[in-house]
Structures are given as C-alpha cells and as structure tokens.
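Below: the structure, in structure tokens.
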Amino acid sequence: MIRNFLKERIGITPGELKDKIDEKVPTALAREFFFALGGIPMICFFIQFVTGLILGAYYMNYSGELANGLSATYISIRNITYEFPVLNYIRGVHQLGANIMIVSLFLHMLRVFFTESYRRPRELIWVCGMLLFFTTLGLGFTGYALVGDQLSYWATQVGTNIAAATPVIGPFIKRLMLGGTEINLYTMPRFFLLHVMILPLLVLTPLIMAHLLLAREHGISYTGRTEKSYYSLVPNHIFNEYKILWVLVFSFVAIVYFFPPTLGEPANPFLTPEHIKPEWYFFPMFHFLKLVPFQVGILSTMGIFAVMTLWPFIQTIMEMFIPLNVVRIIAFTCGTILMVVCMLFTVLEALV
Amino acid sequence: MENKSEEKGITRRGFFQRILVGFGLIISAGATGAIASQLLKSLMPSGWFGEPYVYRKVYAAPITEINQVGASIIFEDKANNRKAILINNGGNIQAFSLVCTHLGCQVFWEKERGKFLCPCHTAVFAADGSVESGPPEKSLDQYPVEIKDGLVYISFREPTWQPEQYFRGEGL
Ligand code: HEM
Ligand code: FES
C-alpha cells in the first residue's frame with residue numbers, strides 16, 4: 001500500500017531507494033580506527049548543528065551595552081552558561097564538538113596522506129577535504145568570536161588583523177568582515193551570519209556532499225592490514241556511524257559534566273589581557289608568525305596551505321620527472337616534517 | 001539544393017544571430033556585474049577603499065598635570081571609544097594611540113621603565129613611540145596635540161563611520 005503510494009507519487013519505493021544508495025564498504029571502516037576517522041567529523045558536524053540551533057535560540061548578537069556596562073552578547077552567553085537549565089550542557093557539547101571535529105579531521109587527513117589515498121583519480125576528494133578543513137577552522141574562529149569575553153574579543157581583533165595582512169585584498173576582507181575599519185556594532189551580526197549560515201550551510205554542507213559523492217564514485221582506496229572484505233552501507237555502515245554518534249554524545253555530556261563551560265571577563269577594547277592565545281588549533285600558525293617577519297609569515301603560511309591543497313596534482317607533476325619511489329620519499333618526508341613541526345609549535349605555544 | 005557554403009561556413013542569418021547572442025551575453029554580464037557590485041557595496045558601510053578619517057579635537061587635561069618632563073597621563077573616554085596617552089618627552093608633549101601597530105592589541109605603559117609593552121607578541125615601544133623590539137614594523141600612531149590657555153587638547157584620528165550614533169535612540 002505505502003509502497004505503491006510512494007511509487008506513484010515520488011517514483012521510487014523505499015526498497016528501490018535503498019538499492020540505489022547502498023554500496024559496498026570495506027570492512028576496514030568498521031574495524032580499523034584510522035579508516036573510520038572520516039565519519040567522525042561529519043557526526044560532530046551533526047552534533048554542532050543540533051546544539052548550535054539551540055544556542056542560536058538564546059544567543060544575541062548585539063555587542064552594544066544592554067545593562068550594567070555589559071553587552072547583550074555577553075549577557076546572553078552568561079545566561080546560557082550559568083542561568084538556564086541544560087543550556088550549559090548544550091554549550092559545553094558545542095565547544096567540545098568543535099574541538100573533536102578538528103582533532104578527527106587532523107587524524108583523518110594524516111591517514112589519507114600517509115596511505116597516499118589522494119592519488120589519481122582521487123585528487124579532487126583531497127582538495128574538497130582541505131577546503132572542508134579550512135572551513136571548519138573558519139567555523140572555530142567565528143564561533144569563538146561570538147562569546148564576547150576578553151579572549152574572544154582579542155582573538156577576533158588579532159585574527160582579523162592577520163586577515164588584513166593578506167597582500168592586496170587583505171584590508172578589503174577585513175572591512176568586509178568587520179563592517180567597518182574597526183570592530184563595531186555591525187561586526188557581531190556578520191560573525192554570527194558567517195558562523196551559523198554561510199560557513200555551515202552554504203560552504204560546509206555542499207563541500208561535504210561533494211566530498212562524499214566523489215569518495216563514493218571512486219570507492220575507498222583500501223590499503224589497510226586486515227583482509228579485504230566488504231559490508232553494506234545501508235543499513236550496516238550507517239548503523240555503525242549511528243552507534244559512534246551515541247558514543248560521542250554520551251562521552252561529550254560526561255566530559256562536560258566534569259568540565260563545564262566557563263565565561264571570562266567581559267570584552268574590554270581598552271585592555272588586552274596578559275595572556276591572550278587563540279584556540280589550540282591555531283597554535284602552529286600563531287607560533288610560526290612569531291618566529292619570522294610578519295609579511296614573510298603570512299605569505300609562507302598561505303603558500304604552505306596552497307601546496308597542501310594542491311598536493312595530489314603537484315605529486316603527479318613530480319612523477320613525470322622523478323621516479324615514483326623518490327617522489328614517495330619526498331611526499332613522506334614533507335608530510336612528516338610538517339606534522340612534527342606543527343606538533344612542536346603547538347607544544348611550544350602551549351608552554352608559553 | 002541548398003547552397004554548399006551554408007554547411008561549412010556561416011550564413012548571413014547565423015552571423016547576425018551570433019552577434020545578437022554576443023551582445024546579449026555582454027549586456028547581461030554587465031548587468032550582473034553591476035548588481036553584484038552594488039550588493040557587495042551594500043556590505044561595505046565604510047566604503048570600498050576604507051573610509052576617510054577625521055580628526056576630532058578633544059580636551060584631555062590641564063597643562064599643569066603634564067608639565068614635568070617624564071610625566072604621563074592616560075586619557076580614556078569609553079563612551080566615544082577614545083584612548084590615548086599624553087607623555088612629556090623632554091618638554092615636548094606628545095599623544096600616542098595605545099593600539100599596537102602589529103595586530104591591534106592594547107599596549108601597556110610601563111612608567112618605571114618608560115616603555116610600552118604589548119602583551120600579545122611581546123613588542124616593546126620606546127617612550128617616543130618607536131619600535132624597540134618585537135614584530136611591529138611601524139611606530140605607535142601619534143595624535144596631534146594642541147595647548148591653549150593652559151589646557152591640552154588631543155586631535156583623535158577617527159573613522160567617520162561610527163555606527164554607535166545610530167543606536168543612541170536620539171531623535172526617535
Ligand atoms: C560545524 C561546525 C561548527 C563548529 C566547528 C563550531 C564552533 C564553535 C565554537 C568554537 C564556538 C565558541 C564556543 C564557546 O567558546 O562557547 C561556537 C559558538 C557558537 N556556535 Fe558554533 N560551531 C559549528 C556549528 C554551528 C552551527 C551549525 C550553529 C547554528 C546553527 C552554531 C551556533 C553557535 C552559537 C550560537 C555559538 C555561540 C554560543 C557559545 O559560544 O556558546 N554553531 N561554535
Ligand atoms: S599585537 Fe602587539 S606585538 Fe603583536
């Protein structure tokens with residue numbers, strides 16, 4: 001009955017739909033941690049989406065004074081954190097979800113890089129992945145800016161000034177982001193819009209779809225250790241991801257129970273606190289910028305990002321002139337050096 | 001039998017059609033560009049190339065407070081977003097912005113050492129605003145100072161775009 005109803009109206013029955021979506025997934029995705037990592041950022045994104053919607057129902061993006069010298073932004077986050085029931089859990093899970101999303105992206109990228117899964121014909125999957133990574137960093141930055149405490153304010157100030165140092169278009173980008181030459185009342189609405197609408201819906205979601213469709217088109221390049229075998233996407237793999245979702249949700253809630261979110265002093269444009277630091281995932285770049293002259297730092301960071309994004313193509317070009325083995329060694333060395341340097345800078349910055 | 005040249009080359013009709021389509025494309029590209037640029041412009045309240053700055057002269061302190069060589073006063077007007085330091089550098093009264101020229105943090109004035117320190121990336125500026133160490137490349141911004149009838153005025157360099165004024169509810 002229902003099947004006929006659907007068939008007649010939308011042209012497809014649930015069974016046919018299942019056959020259409022279903023595909024064979026290497027068992028490794030269920031067995032080996034490093035191969036299961038691609039799904040975790042997506043699950044985190046789902047968690048971010050749900051918690052973000054709820055936060056958005058209480059968040060106010062007016063950074064002008066509301067009462068007692070405090071901004072509406074700050075008061076709204078204070079209420080979320082300390083006044084209303086459940087909302088501090090929502091906020092804590094949103095913060096943790098952002099961090100775990102980035103950690104799992106890092107690990108997923110490492111897995112893909114060191115198994116060389118980005119090689120032809122999968123170059124565009126890698127490019128999409130890099131763009132996803134940058135977008136997620138952008139979400140972290142714009143989200144942090146929404147809080148309205150001291151660290152949030154000064155991270156925004158420093159971050160937008162770094163953007164302003166981009167050659168040629170930098171100052172324009174900064175004014176576009178801030179809605180003026182300095183942080184002003186129109187800055188928060190823009191960051192809010194970026195954080196809840198432009199980056200997640202207009203950028204991240206289409207990128208995820210492209211990433212998944214391309215990955216599906218080419219299949220997962222499996223180079224793991226276990227025997228090569230497959231299981232089905234619908235329902236087995238989806239059910240697996242569903243289980244991971246619940247494991248994540250429960251562990252997030254448990255962690256937030258012991259480490260509830262906090263809120264610092266309200267933003268004060270006239271006083272920079274002694275120890276300002278960006279979120280940990282910006283540490284490598286932040287530390288690098290301290291070590292070299294500013295313009296050099298900005299240009300080389302952008303250069304490194306470009307090389308990383310286009311690496312599969314660069315490697316293909318190198319392979320035309322250099323024997324494959326040598327190219328592999330170069331790729332592994334570059335990747336390892338970058339990884340070690342990033343970890344080192346992160347530790348150094350954390351210790352300062 | 002049709003003319004053979006029609007198959008290979010361009011007929012007169014086809015030629016005009018192409019020109020027409022070409023024109024159409026150019027005009028619609030122009031229109032799209034014009035609308036897109038207006039949309040983008042609507043997002044730039046301070047203008048394409050940054051807004052012009054204006055100088056606003058503000059009374060800061062009586063001269064007696066800053067008469068001695070080495071004296072300094074921090075002037076702060078939160079409501080109008082104005083902050084500067086007045087320093088008597090060897091009899092010469094100067095006013096500096098406290099915004100670090102590196103990435104915009106607020107520098108601290110260390111009176112005992114006579115230096116400005118930036119907490120963000122540990123820059124040090126001398127009392128005359130010049131960079132002593134750290135990442136900044138420019139000296140601290142200096143504001144013109146005027147002394148009239150024993151009163152010190154600072155001319156703040158400010159953006160013309162001050163959205164606060166639209167939120168004060170005046171004249172509603
Ligand atoms: C997908 C990736 C996302 C990431 C990585 C992310 C990251 C962040 C971060 C780091 C913060 C600052 C948290 C804090 O210190 O309190 C934040 C805040 C916020 N986010 Fe997200 N977010 C994401 C998605 C979303 C979505 C989809 C929405 C809404 C639809 C949203 C709504 C909010 C709101 C309202 C805040 C301010 C409240 C608060 O700080 O607790 N976020 N986000
Ligand atoms: S902002 Fe002052 S040293 Fe970087």
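Going by the structure tokens order, chains are called A, B, ..., each with residues numbered from 1, while ligands are numbered from 1 in the order shown.
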With only C-alpha atoms as the counted atoms, please give the residues lying no more than 12 Å from Phe46 (chain A), apart from itself and same-chain residues fewer than 2 positions off, as a VMD selection string. chain A and resid 39 to 44 48 to 53 93 to 94 97 to 98 101 200 to 201 204 to 205 208 241 to 242 245 to 246 248 to 249
Would you name the residues within 8 Å of ligand 1, counting only C-alpha atoms and all ligand atoms, and put them as a PyMOL selection string? chain A and resi 44-46+48-59+77+80-81+90-92+94-95+97-99+101-102+136-147+152+192+195-197+200-201+204+261-263
From the options B:Asp149, B:Glu112, B:Glu132, B:Glu51, which residue's atoms come nearest to chain A, counting only C-alpha atoms? B:Glu51
What residues in chain B lie within 9 Å of chain A, counting only C-alpha atoms, written as number ranges by chain? B: 40, 43-51, 76, 78, 81-83, 98-99, 102-108, 118-121, 134-137, 159, 161-164, 167
Do you know which residues are at most 12 Å from Cys334 (chain A) counting only C-alpha atoms, after dropping those on the same chain fewer than 4 positions away, and could you put them as number ranges by chain? A: 113-114, 304, 307-308, 311, 315, 327-330, 338-341
Same residues, N, CA, C and O atoms, saved as a tab-separated table (two decimals), in the first residue's frame:
```tsv
chain	number	residue	atom	x	y	z
A	113	PHE	N	46.79	11.05	3.90
A	113	PHE	CA	48.08	11.43	3.34
A	113	PHE	C	49.06	10.27	3.35
A	113	PHE	O	49.68	9.95	2.34
A	114	PHE	N	49.17	9.62	4.50
A	114	PHE	CA	50.21	8.59	4.61
A	114	PHE	C	49.82	7.27	3.95
A	114	PHE	O	50.67	6.41	3.77
A	304	ILE	N	52.12	27.49	2.06
A	304	ILE	CA	52.04	26.13	2.56
A	304	ILE	C	50.61	25.58	2.38
A	304	ILE	O	50.41	24.46	1.93
A	307	VAL	N	50.09	24.70	-1.26
A	307	VAL	CA	50.79	23.46	-1.63
A	307	VAL	C	50.05	22.25	-1.06
A	307	VAL	O	49.84	21.25	-1.75
A	308	MET	N	49.61	22.36	0.21
A	308	MET	CA	48.88	21.25	0.82
A	308	MET	C	47.62	20.93	0.02
A	308	MET	O	47.32	19.78	-0.28
A	311	TRP	N	48.44	19.38	-3.34
A	311	TRP	CA	49.49	18.37	-3.29
A	311	TRP	C	49.32	17.21	-4.27
A	311	TRP	O	50.28	16.83	-4.95
A	315	GLN	N	52.20	16.26	-6.84
A	315	GLN	CA	52.87	14.97	-6.85
A	315	GLN	C	52.81	14.33	-8.24
A	315	GLN	O	53.80	13.78	-8.72
A	327	VAL	N	59.66	10.14	-5.43
A	327	VAL	CA	58.54	11.05	-5.15
A	327	VAL	C	57.88	10.66	-3.83
A	327	VAL	O	57.56	11.50	-3.00
A	328	ARG	N	57.71	9.35	-3.65
A	328	ARG	CA	57.09	8.87	-2.40
A	328	ARG	C	57.89	9.32	-1.21
A	328	ARG	O	57.34	9.77	-0.20
A	329	ILE	N	59.21	9.17	-1.33
A	329	ILE	CA	60.06	9.55	-0.19
A	329	ILE	C	59.91	11.04	0.07
A	329	ILE	O	59.78	11.47	1.22
A	330	ILE	N	59.89	11.83	-1.01
A	330	ILE	CA	59.73	13.29	-0.83
A	330	ILE	C	58.41	13.57	-0.12
A	330	ILE	O	58.36	14.33	0.86
A	338	LEU	N	56.18	18.49	8.23
A	338	LEU	CA	55.10	19.42	8.54
A	338	LEU	C	54.37	19.00	9.80
A	338	LEU	O	54.10	19.81	10.70
A	339	MET	N	54.11	17.70	9.90
A	339	MET	CA	53.38	17.20	11.07
A	339	MET	C	54.18	17.43	12.34
A	339	MET	O	53.65	17.95	13.34
A	340	VAL	N	55.47	17.09	12.30
A	340	VAL	CA	56.30	17.23	13.50
A	340	VAL	C	56.42	18.70	13.88
A	340	VAL	O	56.28	19.06	15.06
A	341	VAL	N	56.63	19.56	12.87
A	341	VAL	CA	56.77	20.99	13.17
A	341	VAL	C	55.48	21.53	13.79
A	341	VAL	O	55.51	22.27	14.78
```
Check the smallest atom-to-atom distance from each of A:Arg119, A:Ile173, A:Phe345, A:Leu194 to Ile317 (chain A) using only C-alpha atoms, then report the winner. A:Arg119
Within region 13-77 of chain B, find each residue whose DSSP state, derived from the backbone, is strand (DSSP E), and express the selection as a PDB file with N, CA and C atoms, in the first residue's frame.
```pdb
ATOM      1  N   TYR B  53      39.387  59.353   7.234  1.00  0.00           N
ATOM      2  CA  TYR B  53      39.443  59.613   8.671  1.00  0.00           C
ATOM      3  C   TYR B  53      39.175  61.081   8.929  1.00  0.00           C
ATOM      4  N   VAL B  54      38.701  61.366  10.127  1.00  0.00           N
ATOM      5  CA  VAL B  54      38.582  62.772  10.508  1.00  0.00           C
ATOM      6  C   VAL B  54      39.344  62.956  11.817  1.00  0.00           C
ATOM      7  N   TYR B  55      39.770  64.177  12.067  1.00  0.00           N
ATOM      8  CA  TYR B  55      40.404  64.482  13.338  1.00  0.00           C
ATOM      9  C   TYR B  55      39.393  65.170  14.236  1.00  0.00           C
ATOM     10  N   ARG B  56      39.248  64.666  15.467  1.00  0.00           N
ATOM     11  CA  ARG B  56      38.324  65.311  16.401  1.00  0.00           C
ATOM     12  C   ARG B  56      39.123  65.801  17.595  1.00  0.00           C
ATOM     13  N   LYS B  57      39.041  67.117  17.800  1.00  0.00           N
ATOM     14  CA  LYS B  57      39.834  67.710  18.879  1.00  0.00           C
ATOM     15  C   LYS B  57      39.084  67.569  20.190  1.00  0.00           C
ATOM     16  N   VAL B  58      39.767  66.982  21.186  1.00  0.00           N
ATOM     17  CA  VAL B  58      39.117  66.675  22.446  1.00  0.00           C
ATOM     18  C   VAL B  58      39.969  67.207  23.592  1.00  0.00           C
ATOM     19  N   TYR B  59      39.304  67.852  24.560  1.00  0.00           N
ATOM     20  CA  TYR B  59      40.044  68.322  25.734  1.00  0.00           C
ATOM     21  C   TYR B  59      40.511  67.130  26.548  1.00  0.00           C
ATOM     22  N   ALA B  60      41.800  67.131  26.941  1.00  0.00           N
ATOM     23  CA  ALA B  60      42.325  65.959  27.650  1.00  0.00           C
ATOM     24  C   ALA B  60      42.685  66.257  29.106  1.00  0.00           C
ATOM     25  N   ALA B  61      43.439  67.328  29.360  1.00  0.00           N
ATOM     26  CA  ALA B  61      43.901  67.573  30.733  1.00  0.00           C
ATOM     27  C   ALA B  61      44.446  68.992  30.837  1.00  0.00           C
ATOM     28  N   PRO B  62      44.501  69.527  32.052  1.00  0.00           N
ATOM     29  CA  PRO B  62      45.168  70.815  32.227  1.00  0.00           C
ATOM     30  C   PRO B  62      46.677  70.632  32.104  1.00  0.00           C
ATOM     31  N   SER B  72      53.230  61.512  32.573  1.00  0.00           N
ATOM     32  CA  SER B  72      52.338  60.895  31.587  1.00  0.00           C
ATOM     33  C   SER B  72      50.929  60.793  32.149  1.00  0.00           C
ATOM     34  N   ILE B  73      49.951  60.916  31.271  1.00  0.00           N
ATOM     35  CA  ILE B  73      48.555  60.759  31.681  1.00  0.00           C
ATOM     36  C   ILE B  73      47.871  59.870  30.652  1.00  0.00           C
ATOM     37  N   ILE B  74      47.066  58.957  31.153  1.00  0.00           N
ATOM     38  CA  ILE B  74      46.274  58.166  30.211  1.00  0.00           C
ATOM     39  C   ILE B  74      44.887  58.771  30.135  1.00  0.00           C
ATOM     40  N   PHE B  75      44.474  59.109  28.921  1.00  0.00           N
ATOM     41  CA  PHE B  75      43.166  59.699  28.708  1.00  0.00           C
ATOM     42  C   PHE B  75      42.249  58.622  28.152  1.00  0.00           C
ATOM     43  N   GLU B  76      41.080  58.473  28.798  1.00  0.00           N
ATOM     44  CA  GLU B  76      40.189  57.393  28.389  1.00  0.00           C
ATOM     45  C   GLU B  76      38.756  57.895  28.357  1.00  0.00           C
ATOM     46  N   ASP B  77      38.089  57.737  27.236  1.00  0.00           N
ATOM     47  CA  ASP B  77      36.677  58.101  27.129  1.00  0.00           C
ATOM     48  C   ASP B  77      35.969  56.924  26.471  1.00  0.00           C
TER      49      ASP B  77
END
```
Got a sec: who's within 9 Å of Tyr74 (chain A), counting only C-alpha atoms, leaving out chain neighbours fewer than 4 positions off, as a ChimeraX atom specification? /A:60,63,70,78-79,146-149,263,266-267
So which residues of chain B fall under helix (DSSP H, G or I) by DSSP, listed as a PyMOL selection string? chain B and resi 5-8+12-42+63-66+78-80+163-167
Restricted to C-alpha atoms, what would the selected residues look like written as an mmCIF file, in the first residue's frame?
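Written output follows (again08.cif):
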```
data_model
loop_
_atom_site.group_PDB
_atom_site.id
_atom_site.type_symbol
_atom_site.label_atom_id
_atom_site.label_comp_id
_atom_site.auth_asym_id
_atom_site.auth_seq_id
_atom_site.Cartn_x
_atom_site.Cartn_y
_atom_site.Cartn_z
ATOM 1 C CA SER B 5 28.651 27.245 -48.131
ATOM 2 C CA GLU B 6 25.835 27.123 -45.625
ATOM 3 C CA GLU B 7 27.027 23.810 -44.259
ATOM 4 C CA LYS B 8 30.635 24.749 -43.877
ATOM 5 C CA ARG B 12 24.240 35.684 -43.025
ATOM 6 C CA ARG B 13 21.407 34.753 -40.695
ATOM 7 C CA GLY B 14 23.671 32.692 -38.455
ATOM 8 C CA PHE B 15 26.177 35.510 -38.383
ATOM 9 C CA PHE B 16 23.631 38.049 -37.157
ATOM 10 C CA GLN B 17 22.297 35.563 -34.662
ATOM 11 C CA ARG B 18 25.736 35.128 -33.192
ATOM 12 C CA ILE B 19 26.305 38.843 -32.958
ATOM 13 C CA LEU B 20 22.965 39.204 -31.243
ATOM 14 C CA VAL B 21 23.727 36.442 -28.754
ATOM 15 C CA GLY B 22 27.150 38.003 -28.181
ATOM 16 C CA PHE B 23 25.596 41.366 -27.426
ATOM 17 C CA GLY B 24 23.057 39.710 -25.172
ATOM 18 C CA LEU B 25 25.800 37.983 -23.220
ATOM 19 C CA ILE B 26 27.845 41.156 -22.852
ATOM 20 C CA ILE B 27 24.853 43.159 -21.672
ATOM 21 C CA SER B 28 23.698 40.560 -19.172
ATOM 22 C CA ALA B 29 27.252 40.089 -17.879
ATOM 23 C CA GLY B 30 27.450 43.861 -17.395
ATOM 24 C CA ALA B 31 24.112 43.939 -15.612
ATOM 25 C CA THR B 32 25.064 41.017 -13.394
ATOM 26 C CA GLY B 33 28.361 42.707 -12.577
ATOM 27 C CA ALA B 34 26.648 45.987 -11.779
ATOM 28 C CA ILE B 35 24.134 44.335 -9.469
ATOM 29 C CA ALA B 36 26.756 42.129 -7.823
ATOM 30 C CA SER B 37 28.977 45.120 -7.156
ATOM 31 C CA GLN B 38 26.046 47.013 -5.630
ATOM 32 C CA LEU B 39 25.280 44.009 -3.413
ATOM 33 C CA LEU B 40 28.885 43.869 -2.271
ATOM 34 C CA LYS B 41 28.950 47.624 -1.787
ATOM 35 C CA SER B 42 25.893 47.413 0.431
ATOM 36 C CA ILE B 63 48.766 71.552 31.336
ATOM 37 C CA THR B 64 49.777 71.560 34.991
ATOM 38 C CA GLU B 65 49.335 67.785 35.175
ATOM 39 C CA ILE B 66 51.790 67.112 32.401
ATOM 40 C CA LYS B 78 34.914 54.774 26.833
ATOM 41 C CA ALA B 79 31.634 56.098 25.509
ATOM 42 C CA ASN B 80 33.355 57.558 22.461
ATOM 43 C CA PRO B 163 27.561 53.071 13.958
ATOM 44 C CA GLU B 164 27.090 53.750 17.690
ATOM 45 C CA GLN B 165 25.466 57.038 16.797
ATOM 46 C CA TYR B 166 22.602 55.207 15.116
ATOM 47 C CA PHE B 167 21.905 53.215 18.262
#
```
Write out as a list in words each polymer residue whose atoms come within 6 Å of region 86-89 of chain B, counting only C-alpha atoms; drop sequence neighbours fewer than 4 positions from it. Val69, Gly70, Ala71, Ser72, Ile73, Ile93, Gln94 and Ala95 of chain B
Take the residues that were just selected and, keeping N, CA, C and O atoms, output them as a compact mmCIF listing (two decimals), in the first residue's frame.
```txt
# COMPACT_ATOMS: atom_id res chain seq x y z
N VAL B 69 58.90 67.04 32.94
CA VAL B 69 59.49 66.11 31.97
C VAL B 69 59.32 64.69 32.49
O VAL B 69 59.58 64.41 33.66
N GLY B 70 58.84 63.81 31.63
CA GLY B 70 58.66 62.40 32.02
C GLY B 70 57.27 62.11 32.54
O GLY B 70 56.93 60.94 32.74
N ALA B 71 56.46 63.15 32.74
CA ALA B 71 55.10 62.89 33.25
C ALA B 71 54.25 62.24 32.16
O ALA B 71 54.53 62.39 30.96
N SER B 72 53.23 61.51 32.57
CA SER B 72 52.34 60.89 31.59
C SER B 72 50.93 60.79 32.15
O SER B 72 50.74 60.65 33.35
N ILE B 73 49.95 60.92 31.27
CA ILE B 73 48.55 60.76 31.68
C ILE B 73 47.87 59.87 30.65
O ILE B 73 48.08 60.04 29.45
N ILE B 93 55.25 67.78 24.60
CA ILE B 93 54.10 66.95 24.97
C ILE B 93 53.57 66.23 23.74
O ILE B 93 53.21 66.87 22.74
N GLN B 94 53.56 64.90 23.84
CA GLN B 94 53.11 64.10 22.69
C GLN B 94 51.95 63.20 23.11
O GLN B 94 51.83 62.84 24.28
N ALA B 95 51.11 62.87 22.13
CA ALA B 95 50.00 61.95 22.41
C ALA B 95 50.12 60.74 21.49
O ALA B 95 50.34 60.89 20.28
```
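Using only C-alpha atoms, the protein and nucleic acid residues lying no more than 9 Å from Trp109 (chain B), apart from those fewer than 3 places from it along its own chain, are B:Ile74, B:Ile85, B:Leu98, B:Glu112, B:Arg113, B:Gly114, B:Lys115, B:Phe116, B:Leu117, B:Ala127.
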Would you export the selected residues with N, CA, C and O atoms as a PDB file, in the first residue's frame, please?
```pdb
ATOM      1  N   ILE B  74      47.066  58.957  31.153  1.00  0.00           N
ATOM      2  CA  ILE B  74      46.274  58.166  30.211  1.00  0.00           C
ATOM      3  C   ILE B  74      44.887  58.771  30.135  1.00  0.00           C
ATOM      4  O   ILE B  74      44.217  58.972  31.146  1.00  0.00           O
ATOM      5  N   ILE B  85      47.605  58.216  25.290  1.00  0.00           N
ATOM      6  CA  ILE B  85      48.468  58.573  26.403  1.00  0.00           C
ATOM      7  C   ILE B  85      49.171  59.876  26.056  1.00  0.00           C
ATOM      8  O   ILE B  85      49.610  60.082  24.919  1.00  0.00           O
ATOM      9  N   LEU B  98      47.304  53.811  21.878  1.00  0.00           N
ATOM     10  CA  LEU B  98      47.849  52.648  22.584  1.00  0.00           C
ATOM     11  C   LEU B  98      47.587  51.350  21.822  1.00  0.00           C
ATOM     12  O   LEU B  98      47.735  50.262  22.359  1.00  0.00           O
ATOM     13  N   GLU B 112      57.774  53.020  35.084  1.00  0.00           N
ATOM     14  CA  GLU B 112      59.131  52.963  35.662  1.00  0.00           C
ATOM     15  C   GLU B 112      60.189  52.822  34.571  1.00  0.00           C
ATOM     16  O   GLU B 112      61.235  53.447  34.622  1.00  0.00           O
ATOM     17  N   ARG B 113      59.888  51.978  33.577  1.00  0.00           N
ATOM     18  CA  ARG B 113      60.883  51.759  32.526  1.00  0.00           C
ATOM     19  C   ARG B 113      60.746  52.779  31.407  1.00  0.00           C
ATOM     20  O   ARG B 113      61.621  52.884  30.540  1.00  0.00           O
ATOM     21  N   GLY B 114      59.624  53.498  31.380  1.00  0.00           N
ATOM     22  CA  GLY B 114      59.400  54.453  30.301  1.00  0.00           C
ATOM     23  C   GLY B 114      59.248  53.780  28.956  1.00  0.00           C
ATOM     24  O   GLY B 114      59.754  54.269  27.939  1.00  0.00           O
ATOM     25  N   LYS B 115      58.553  52.640  28.947  1.00  0.00           N
ATOM     26  CA  LYS B 115      58.378  51.912  27.690  1.00  0.00           C
ATOM     27  C   LYS B 115      56.965  51.377  27.576  1.00  0.00           C
ATOM     28  O   LYS B 115      56.266  51.196  28.573  1.00  0.00           O
ATOM     29  N   PHE B 116      56.557  51.118  26.330  1.00  0.00           N
ATOM     30  CA  PHE B 116      55.270  50.477  26.081  1.00  0.00           C
ATOM     31  C   PHE B 116      55.513  48.994  25.821  1.00  0.00           C
ATOM     32  O   PHE B 116      56.382  48.644  25.028  1.00  0.00           O
ATOM     33  N   LEU B 117      54.694  48.158  26.463  1.00  0.00           N
ATOM     34  CA  LEU B 117      54.827  46.717  26.227  1.00  0.00           C
ATOM     35  C   LEU B 117      53.525  46.191  25.641  1.00  0.00           C
ATOM     36  O   LEU B 117      52.439  46.555  26.089  1.00  0.00           O
ATOM     37  N   ALA B 127      59.448  55.442  24.583  1.00  0.00           N
ATOM     38  CA  ALA B 127      58.525  56.491  25.010  1.00  0.00           C
ATOM     39  C   ALA B 127      58.152  57.426  23.857  1.00  0.00           C
ATOM     40  O   ALA B 127      57.129  58.105  23.918  1.00  0.00           O
TER      41      ALA B 127
END
```
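The closest residue to ligand 2, picked from B:Ile147, B:Ala123, B:Ala84, B:Ile10 and counting only C-alpha atoms and all ligand atoms, is B:Ala123.
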I need the residue nearest ligand 2 from this list: A:Ala36, A:Pro14, A:Thr156, A:Glu265. Use only C-alpha atoms and all ligand atoms for the distance. A:Thr156
Quick one, how far is CA of Lys20 (chain A) from CA of Val234 (chain A)?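 Calculated distance between CA of Lys20 (chain A) and CA of Val234 (chain A) is 9.9 Å.
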One decimal place gives the CA of Glu123 (chain A)-CA of Arg216 (chain A) separation as 13.6 Å
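Counting only C-alpha atoms and comparing B:Thr11, B:Asn67, B:Thr160, B:Gln142, the residue that lies closest to Thr101 (chain B) is B:Gln142.
Comparing B:Arg168, B:Arg157, B:Lys138, B:Lys148 by their smallest distance to ligand 2, the closest is B:Lys138 (using only C-alpha atoms and all ligand atoms).
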Expressed in Å, the length from CA of Thr135 (chain A) to CA of Leu310 (chain A) is 16.4 Å
